[in-house]
Structures are given as structure tokens and as C-alpha cells.
file data14.cif (mmCIF, C-alpha atoms)
data_upload
loop_
_atom_site.group_PDB
_atom_site.id
_atom_site.type_symbol
_atom_site.label_atom_id
_atom_site.label_comp_id
_atom_site.auth_asym_id
_atom_site.auth_seq_id
_atom_site.Cartn_x
_atom_site.Cartn_y
_atom_site.Cartn_z
ATOM 1 C CA MET A 1223 21.449 -4.101 -13.306
ATOM 2 C CA GLY A 1224 21.509 -2.374 -9.936
ATOM 3 C CA ASN A 1225 22.623 -3.127 -6.424
ATOM 4 C CA LYS A 1226 21.007 -6.395 -5.251
ATOM 5 C CA ASN A 1227 22.282 -5.968 -1.673
ATOM 6 C CA ASN A 1228 19.566 -3.459 -0.750
ATOM 7 C CA ILE A 1229 16.763 -4.915 1.354
ATOM 8 C CA LEU A 1230 14.134 -2.786 -0.355
ATOM 9 C CA GLY A 1231 14.283 -2.041 -4.042
ATOM 10 C CA PHE A 1232 12.939 1.073 -5.679
ATOM 11 C CA CYS A 1233 9.534 -0.516 -6.217
ATOM 12 C CA GLN A 1234 9.037 -1.324 -2.544
ATOM 13 C CA LYS A 1235 10.231 2.123 -1.439
ATOM 14 C CA PHE A 1236 7.908 3.773 -3.944
ATOM 15 C CA LEU A 1237 4.974 1.703 -2.690
ATOM 16 C CA LEU A 1238 5.796 2.589 0.939
ATOM 17 C CA VAL A 1239 5.832 6.305 0.086
ATOM 18 C CA SER A 1240 2.563 5.945 -1.835
ATOM 19 C CA SER A 1241 0.985 4.120 1.104
ATOM 20 C CA ALA A 1242 2.129 6.818 3.529
ATOM 21 C CA ILE A 1243 0.692 9.546 1.308
ATOM 22 C CA TYR A 1244 -2.623 7.696 1.054
ATOM 23 C CA LEU A 1245 -2.836 7.207 4.839
ATOM 24 C CA ILE A 1246 -2.034 10.862 5.505
ATOM 25 C CA ASN A 1247 -4.670 11.851 2.939
ATOM 26 C CA TYR A 1248 -7.177 9.524 4.608
ATOM 27 C CA PHE A 1249 -6.637 11.098 8.023
ATOM 28 C CA LEU A 1250 -6.783 14.614 6.541
ATOM 29 C CA ASP A 1251 -10.170 13.780 4.977
ATOM 30 C CA GLY A 1252 -8.967 14.179 1.376
ATOM 31 C CA LYS A 1253 -7.377 17.623 1.722
ATOM 32 C CA LEU A 1254 -3.975 16.332 0.635
ATOM 33 C CA SER A 1255 -5.562 14.814 -2.464
ATOM 34 C CA ILE A 1256 -6.900 18.214 -3.483
ATOM 35 C CA PHE A 1257 -3.463 19.773 -2.929
ATOM 36 C CA LEU A 1258 -1.713 17.123 -5.047
ATOM 37 C CA SER A 1259 -4.238 16.927 -7.904
ATOM 38 C CA LEU A 1260 -3.493 18.451 -11.285
ATOM 39 C CA GLN A 1261 -5.394 21.682 -11.903
ATOM 40 C CA PRO A 1262 -4.224 23.145 -15.223
ATOM 41 C CA ASN A 1263 -5.269 26.707 -14.442
ATOM 42 C CA LEU A 1264 -3.251 26.695 -11.190
ATOM 43 C CA VAL A 1265 -0.182 25.284 -12.944
ATOM 44 C CA ILE A 1266 -0.255 28.046 -15.539
ATOM 45 C CA ASN A 1267 -1.566 31.017 -13.546
ATOM 46 C CA ASN A 1268 0.067 30.376 -10.149
ATOM 47 C CA LEU A 1269 3.092 28.364 -11.345
ATOM 48 C CA GLU A 1270 2.229 25.403 -9.104
ATOM 49 C CA ILE A 1271 4.597 23.171 -11.073
ATOM 50 C CA TRP A 1272 4.646 20.356 -8.476
ATOM 51 C CA ARG A 1273 1.143 19.400 -9.615
ATOM 52 C CA LEU A 1274 2.623 18.073 -12.874
ATOM 53 C CA VAL A 1275 4.277 15.199 -10.984
ATOM 54 C CA THR A 1276 2.185 14.786 -7.820
ATOM 55 C CA TYR A 1277 -1.224 14.060 -9.322
ATOM 56 C CA PRO A 1278 -0.645 10.271 -9.473
ATOM 57 C CA PHE A 1279 -0.468 10.361 -5.664
ATOM 58 C CA SER A 1280 -3.836 12.085 -5.333
ATOM 59 C CA SER A 1281 -5.945 8.946 -5.052
ATOM 60 C CA SER A 1282 -8.833 9.549 -2.703
ATOM 61 C CA THR A 1283 -10.592 6.195 -2.933
ATOM 62 C CA ILE A 1284 -9.455 2.901 -1.480
ATOM 63 C CA GLU A 1285 -10.251 1.162 -4.773
ATOM 64 C CA GLY A 1286 -8.027 3.511 -6.752
ATOM 65 C CA PHE A 1287 -5.251 3.130 -4.230
ATOM 66 C CA PHE A 1288 -5.353 -0.683 -4.255
ATOM 67 C CA LEU A 1289 -5.544 -0.742 -8.051
ATOM 68 C CA PHE A 1290 -2.388 1.371 -8.149
ATOM 69 C CA LEU A 1291 -0.629 -0.833 -5.567
ATOM 70 C CA PHE A 1292 -1.579 -4.043 -7.319
ATOM 71 C CA SER A 1293 -0.595 -2.923 -10.805
ATOM 72 C CA PHE A 1294 2.637 -1.288 -9.671
ATOM 73 C CA GLN A 1295 3.630 -4.314 -7.576
ATOM 74 C CA ILE A 1296 3.208 -6.624 -10.567
ATOM 75 C CA ILE A 1297 4.697 -4.479 -13.333
ATOM 76 C CA ALA A 1298 7.451 -2.444 -11.661
ATOM 77 C CA PRO A 1299 9.709 -5.269 -10.392
ATOM 78 C CA LYS A 1300 9.855 -6.710 -13.895
ATOM 79 C CA LEU A 1301 10.759 -3.307 -15.293
ATOM 80 C CA GLU A 1302 13.325 -2.842 -12.522
ATOM 81 C CA SER A 1303 15.009 -6.091 -13.554
ATOM 82 C CA VAL A 1304 15.100 -5.037 -17.226
ATOM 83 C CA PHE A 1305 16.195 -1.432 -16.731
ATOM 84 C CA SER A 1306 18.627 -0.186 -14.163
ATOM 85 C CA ARG A 1307 17.081 1.445 -11.111
ATOM 86 C CA THR A 1308 18.177 4.902 -12.243
ATOM 87 C CA ASN A 1309 16.662 4.454 -15.695
ATOM 88 C CA LEU A 1310 13.399 3.191 -14.217
ATOM 89 C CA VAL A 1311 13.108 6.192 -11.912
ATOM 90 C CA LEU A 1312 13.818 8.552 -14.818
ATOM 91 C CA LEU A 1313 11.306 6.801 -17.075
ATOM 92 C CA ILE A 1314 8.553 6.957 -14.462
ATOM 93 C CA PHE A 1315 9.278 10.606 -13.688
ATOM 94 C CA LEU A 1316 9.414 11.590 -17.369
ATOM 95 C CA PHE A 1317 6.229 9.717 -18.214
ATOM 96 C CA ILE A 1318 4.310 11.340 -15.340
ATOM 97 C CA PHE A 1319 5.737 14.797 -16.107
ATOM 98 C CA LEU A 1320 4.993 14.567 -19.838
ATOM 99 C CA GLN A 1321 1.476 13.312 -19.212
ATOM 100 C CA GLY A 1322 0.815 16.119 -16.718
ATOM 101 C CA THR A 1323 2.260 18.688 -19.121
ATOM 102 C CA LEU A 1324 0.117 17.378 -21.966
ATOM 103 C CA PHE A 1325 -3.050 17.575 -19.835
ATOM 104 C CA THR A 1326 -2.125 21.077 -18.737
ATOM 105 C CA LEU A 1327 -1.541 22.266 -22.302
ATOM 106 C CA ILE A 1328 -4.784 20.731 -23.568
ATOM 107 C CA MET A 1329 -6.931 21.997 -20.694
ATOM 108 C CA TRP A 1330 -4.949 25.127 -19.862
ATOM 109 C CA ASN A 1331 -7.919 27.373 -19.097
ATOM 110 C CA SER A 1332 -9.963 24.793 -17.205
ATOM 111 C CA THR A 1333 -10.664 24.623 -13.469
ATOM 112 C CA ILE A 1334 -11.054 20.838 -13.392
ATOM 113 C CA GLN A 1335 -9.001 18.587 -11.134
ATOM 114 C CA ILE A 1336 -7.228 15.585 -12.594
ATOM 115 C CA ARG A 1337 -6.613 12.858 -10.062
ATOM 116 C CA SER A 1338 -5.076 9.448 -10.333
ATOM 117 C CA GLU A 1339 -8.064 7.205 -9.692
ATOM 118 C CA GLU A 1340 -8.535 5.681 -13.089
ATOM 119 C CA HIS A 1341 -5.188 6.837 -14.415
ATOM 120 C CA THR A 1342 -6.323 10.351 -15.396
ATOM 121 C CA SER A 1343 -9.965 10.049 -14.790
ATOM 122 C CA GLU A 1344 -11.383 12.005 -11.954
ATOM 123 C CA LEU A 1345 -12.307 15.258 -13.524
ATOM 124 C CA GLN A 1346 -14.039 17.455 -10.993
ATOM 125 C CA SER A 1347 -14.838 21.082 -10.753
ATOM 126 C CA PRO A 1348 -13.279 22.565 -7.586
ATOM 127 C CA ASN A 1349 -16.664 24.143 -6.807
ATOM 128 C CA THR A 1350 -18.205 20.705 -6.199
ATOM 129 C CA ILE A 1351 -15.639 19.616 -3.629
#
call {"tool": "encode", "arguments": {"input": "data14.cif", "output": "C-alpha cells"}}
result
Amino acid sequence: MGNKNNILGFCQKFLLVSSAIYLINYFLDGKLSIFLSLQPNLVINNLEIWRLVTYPFSSSTIEGFFLFLFSFQIIAPKLESVFSRTNLVLLIFLFIFLQGTLFTLIMWNSTIQIRSEEHTSELQSPNTI
């Protein structure tokens, strides 16, 4: 089931990293959010592959961030107790990667940005930013 001797489990570490990314993005006035968001044309044309897995961290609103924290804090510990820590990390990574790949393949020639706010929702043209 995993090592119970650790003070912080995967869920808490993941939430700490997410909080740090949000705070850095807040102090950079949203520039980090633009860098992390999924832009299908940049993934395909410029091979910016990291965008396939970093777009869930691109929350630029406090509401979106707290919604993510709240839902992850409730759901993830239960999943961590069911699956081993390694399997949970792999499942989260694969789900995010497959979702990002699917969005990229569907909207491959688009200049929109896909951010995490409503779990795939913020579709913006880079020209309006």
C-alpha cells in the first residue's frame, strides 16, 4: 500500500507544488500560466511537449486554484489508499498526458490556450492576452 512512515504523502506534496506554482504565477502576473497552458499549435509546430502535462498547473484565478485544491484534497487521499503511490502517480500522469494529447490532436491547427480553470475550459486566443 505504500510507506506510511513518510510525514507527507504524495497528495500533500503534490498540493504543495501546486500551491508554489500558483503563488509564483500570481507574483509574475500570470506569465507562468501562459507558459504552462496547452497551445496545440505550439505543441505540434515547436515541439513544446511539456505543455501536454503542465496545463493543469496553469490556473490563473483564485477560484480555479481553490477548486483544484479542494477536489484534489478530498479525492486523492482515498485513491492513494486504494492504489499504491507509484500507481497513483502513473495514473494521474497518464490521464493528464492522454487528455492533453487528445486536445492537441483535435485542435491541432488552433491558436487557443487550454488552461485548467474549469478542467479544460479556458479557451483563449493568445491575441487577447
call {"tool": "residues_around", "arguments": {"input": "data14.cif", "residues": "region 1327-1329 of chain A", "least_positions_apart": "2", "cutoff": "10 Å", "atoms": "all atoms listed in the file", "output": "PyMOL selection string"}}
result
chain A and resi 1261-1263+1265-1266+1321-1325+1331-1334
call {"tool": "resolve_selection", "arguments": {"input": "data14.cif", "expression": "the PyMOL selection byres ((chain A and resi 1233-1247) around 8)", "output": "list of chain:residue names"}}
result
A:Leu1230, A:Gly1231, A:Phe1232, A:Tyr1248, A:Phe1249, A:Leu1250, A:Asp1251, A:Gly1252, A:Lys1253, A:Leu1254, A:Ser1255, A:Phe1279, A:Ser1280, A:Ser1281, A:Ser1282, A:Phe1287, A:Leu1291, A:Phe1294, A:Gln1295, A:Ala1298, A:Pro1299, A:Glu1302
call {"tool": "axis_aligned_box", "arguments": {"input": "data14.cif", "around": "region 1301-1307 of chain A", "padding_each_side": "5 Å", "output": "lines of an AutoDock Vina configuration file"}}
result
center_x = 14.7
center_y = -2.3
center_z = -14.2
size_x = 17.9
size_y = 17.5
size_z = 16.1
call {"tool": "atom_distance", "arguments": {"input": "data14.cif", "atom1": "CA of Thr1326 (chain A)", "atom2": "CA of Leu1274 (chain A)"}}
result
8.1 Å
call {"tool": "resolve_selection", "arguments": {"input": "data14.cif", "expression": "the PyMOL selection byres ((chain A and resi 1260) around 7)", "output": "PyMOL selection string"}}
result
chain A and resi 1258-1259+1261-1262+1273-1274+1277+1335-1337
call {"tool": "atom_distance", "arguments": {"input": "data14.cif", "atom1": "CA of Pro1278 (chain A)", "atom2": "CA of Ile1314 (chain A)"}}
result
11.0 Å
call {"tool": "build_atoms", "arguments": {"input": "data14.cif", "residues": "region 1234-1263 of chain A", "atoms": "N, CA and C atoms", "output": "PDB file, in the coordinates of the input"}}
result
ATOM      1  N   GLN A1234       9.565  -1.238  -3.898  1.00  0.00           N
ATOM      2  CA  GLN A1234       9.037  -1.324  -2.544  1.00  0.00           C
ATOM      3  C   GLN A1234       9.074   0.037  -1.839  1.00  0.00           C
ATOM      4  N   LYS A1235      10.146   0.789  -2.043  1.00  0.00           N
ATOM      5  CA  LYS A1235      10.231   2.123  -1.439  1.00  0.00           C
ATOM      6  C   LYS A1235       9.152   3.038  -1.996  1.00  0.00           C
ATOM      7  N   PHE A1236       8.935   2.949  -3.300  1.00  0.00           N
ATOM      8  CA  PHE A1236       7.908   3.773  -3.944  1.00  0.00           C
ATOM      9  C   PHE A1236       6.524   3.410  -3.409  1.00  0.00           C
ATOM     10  N   LEU A1237       6.265   2.132  -3.225  1.00  0.00           N
ATOM     11  CA  LEU A1237       4.974   1.703  -2.690  1.00  0.00           C
ATOM     12  C   LEU A1237       4.802   2.128  -1.238  1.00  0.00           C
ATOM     13  N   LEU A1238       5.879   2.114  -0.450  1.00  0.00           N
ATOM     14  CA  LEU A1238       5.796   2.589   0.939  1.00  0.00           C
ATOM     15  C   LEU A1238       5.476   4.078   1.002  1.00  0.00           C
ATOM     16  N   VAL A1239       6.115   4.865   0.138  1.00  0.00           N
ATOM     17  CA  VAL A1239       5.832   6.305   0.086  1.00  0.00           C
ATOM     18  C   VAL A1239       4.391   6.542  -0.353  1.00  0.00           C
ATOM     19  N   SER A1240       3.940   5.807  -1.354  1.00  0.00           N
ATOM     20  CA  SER A1240       2.563   5.945  -1.835  1.00  0.00           C
ATOM     21  C   SER A1240       1.564   5.580  -0.737  1.00  0.00           C
ATOM     22  N   SER A1241       1.865   4.525   0.009  1.00  0.00           N
ATOM     23  CA  SER A1241       0.985   4.120   1.104  1.00  0.00           C
ATOM     24  C   SER A1241       0.939   5.183   2.191  1.00  0.00           C
ATOM     25  N   ALA A1242       2.086   5.762   2.515  1.00  0.00           N
ATOM     26  CA  ALA A1242       2.129   6.818   3.529  1.00  0.00           C
ATOM     27  C   ALA A1242       1.326   8.037   3.083  1.00  0.00           C
ATOM     28  N   ILE A1243       1.451   8.403   1.820  1.00  0.00           N
ATOM     29  CA  ILE A1243       0.692   9.546   1.308  1.00  0.00           C
ATOM     30  C   ILE A1243      -0.802   9.258   1.366  1.00  0.00           C
ATOM     31  N   TYR A1244      -1.200   8.040   0.990  1.00  0.00           N
ATOM     32  CA  TYR A1244      -2.623   7.696   1.054  1.00  0.00           C
ATOM     33  C   TYR A1244      -3.138   7.747   2.487  1.00  0.00           C
ATOM     34  N   LEU A1245      -2.386   7.198   3.444  1.00  0.00           N
ATOM     35  CA  LEU A1245      -2.836   7.207   4.839  1.00  0.00           C
ATOM     36  C   LEU A1245      -2.942   8.629   5.386  1.00  0.00           C
ATOM     37  N   ILE A1246      -1.969   9.463   5.066  1.00  0.00           N
ATOM     38  CA  ILE A1246      -2.034  10.862   5.505  1.00  0.00           C
ATOM     39  C   ILE A1246      -3.258  11.535   4.894  1.00  0.00           C
ATOM     40  N   ASN A1247      -3.499  11.284   3.610  1.00  0.00           N
ATOM     41  CA  ASN A1247      -4.670  11.851   2.939  1.00  0.00           C
ATOM     42  C   ASN A1247      -5.964  11.345   3.580  1.00  0.00           C
ATOM     43  N   TYR A1248      -5.995  10.093   3.969  1.00  0.00           N
ATOM     44  CA  TYR A1248      -7.177   9.524   4.608  1.00  0.00           C
ATOM     45  C   TYR A1248      -7.469  10.238   5.928  1.00  0.00           C
ATOM     46  N   PHE A1249      -6.434  10.454   6.733  1.00  0.00           N
ATOM     47  CA  PHE A1249      -6.637  11.098   8.023  1.00  0.00           C
ATOM     48  C   PHE A1249      -6.901  12.599   7.899  1.00  0.00           C
ATOM     49  N   LEU A1250      -6.495  13.195   6.779  1.00  0.00           N
ATOM     50  CA  LEU A1250      -6.783  14.614   6.541  1.00  0.00           C
ATOM     51  C   LEU A1250      -8.089  14.807   5.779  1.00  0.00           C
ATOM     52  N   ASP A1251      -8.865  13.746   5.626  1.00  0.00           N
ATOM     53  CA  ASP A1251     -10.170  13.780   4.977  1.00  0.00           C
ATOM     54  C   ASP A1251     -10.095  14.284   3.532  1.00  0.00           C
ATOM     55  N   GLY A1252      -9.068  13.872   2.800  1.00  0.00           N
ATOM     56  CA  GLY A1252      -8.967  14.179   1.376  1.00  0.00           C
ATOM     57  C   GLY A1252      -8.358  15.524   1.025  1.00  0.00           C
ATOM     58  N   LYS A1253      -7.949  16.292   2.008  1.00  0.00           N
ATOM     59  CA  LYS A1253      -7.377  17.623   1.722  1.00  0.00           C
ATOM     60  C   LYS A1253      -6.036  17.535   0.994  1.00  0.00           C
ATOM     61  N   LEU A1254      -5.254  16.518   1.311  1.00  0.00           N
ATOM     62  CA  LEU A1254      -3.975  16.332   0.635  1.00  0.00           C
ATOM     63  C   LEU A1254      -4.197  15.966  -0.837  1.00  0.00           C
ATOM     64  N   SER A1255      -5.227  15.197  -1.097  1.00  0.00           N
ATOM     65  CA  SER A1255      -5.562  14.814  -2.464  1.00  0.00           C
ATOM     66  C   SER A1255      -5.883  16.037  -3.315  1.00  0.00           C
ATOM     67  N   ILE A1256      -6.582  16.986  -2.757  1.00  0.00           N
ATOM     68  CA  ILE A1256      -6.900  18.214  -3.483  1.00  0.00           C
ATOM     69  C   ILE A1256      -5.628  19.011  -3.749  1.00  0.00           C
ATOM     70  N   PHE A1257      -4.723  19.042  -2.778  1.00  0.00           N
ATOM     71  CA  PHE A1257      -3.463  19.773  -2.929  1.00  0.00           C
ATOM     72  C   PHE A1257      -2.556  19.151  -3.980  1.00  0.00           C
ATOM     73  N   LEU A1258      -2.591  17.816  -4.111  1.00  0.00           N
ATOM     74  CA  LEU A1258      -1.713  17.123  -5.047  1.00  0.00           C
ATOM     75  C   LEU A1258      -2.295  16.984  -6.448  1.00  0.00           C
ATOM     76  N   SER A1259      -3.601  17.149  -6.604  1.00  0.00           N
ATOM     77  CA  SER A1259      -4.238  16.927  -7.904  1.00  0.00           C
ATOM     78  C   SER A1259      -3.783  17.967  -8.931  1.00  0.00           C
ATOM     79  N   LEU A1260      -3.896  17.572 -10.185  1.00  0.00           N
ATOM     80  CA  LEU A1260      -3.493  18.451 -11.285  1.00  0.00           C
ATOM     81  C   LEU A1260      -4.643  19.369 -11.645  1.00  0.00           C
ATOM     82  N   GLN A1261      -4.424  20.662 -11.505  1.00  0.00           N
ATOM     83  CA  GLN A1261      -5.394  21.682 -11.903  1.00  0.00           C
ATOM     84  C   GLN A1261      -4.680  22.591 -12.897  1.00  0.00           C
ATOM     85  N   PRO A1262      -4.979  22.422 -14.196  1.00  0.00           N
ATOM     86  CA  PRO A1262      -4.224  23.145 -15.223  1.00  0.00           C
ATOM     87  C   PRO A1262      -4.184  24.660 -15.035  1.00  0.00           C
ATOM     88  N   ASN A1263      -5.285  25.256 -14.613  1.00  0.00           N
ATOM     89  CA  ASN A1263      -5.269  26.707 -14.442  1.00  0.00           C
ATOM     90  C   ASN A1263      -4.332  27.147 -13.329  1.00  0.00           C
TER      91      ASN A1263
END
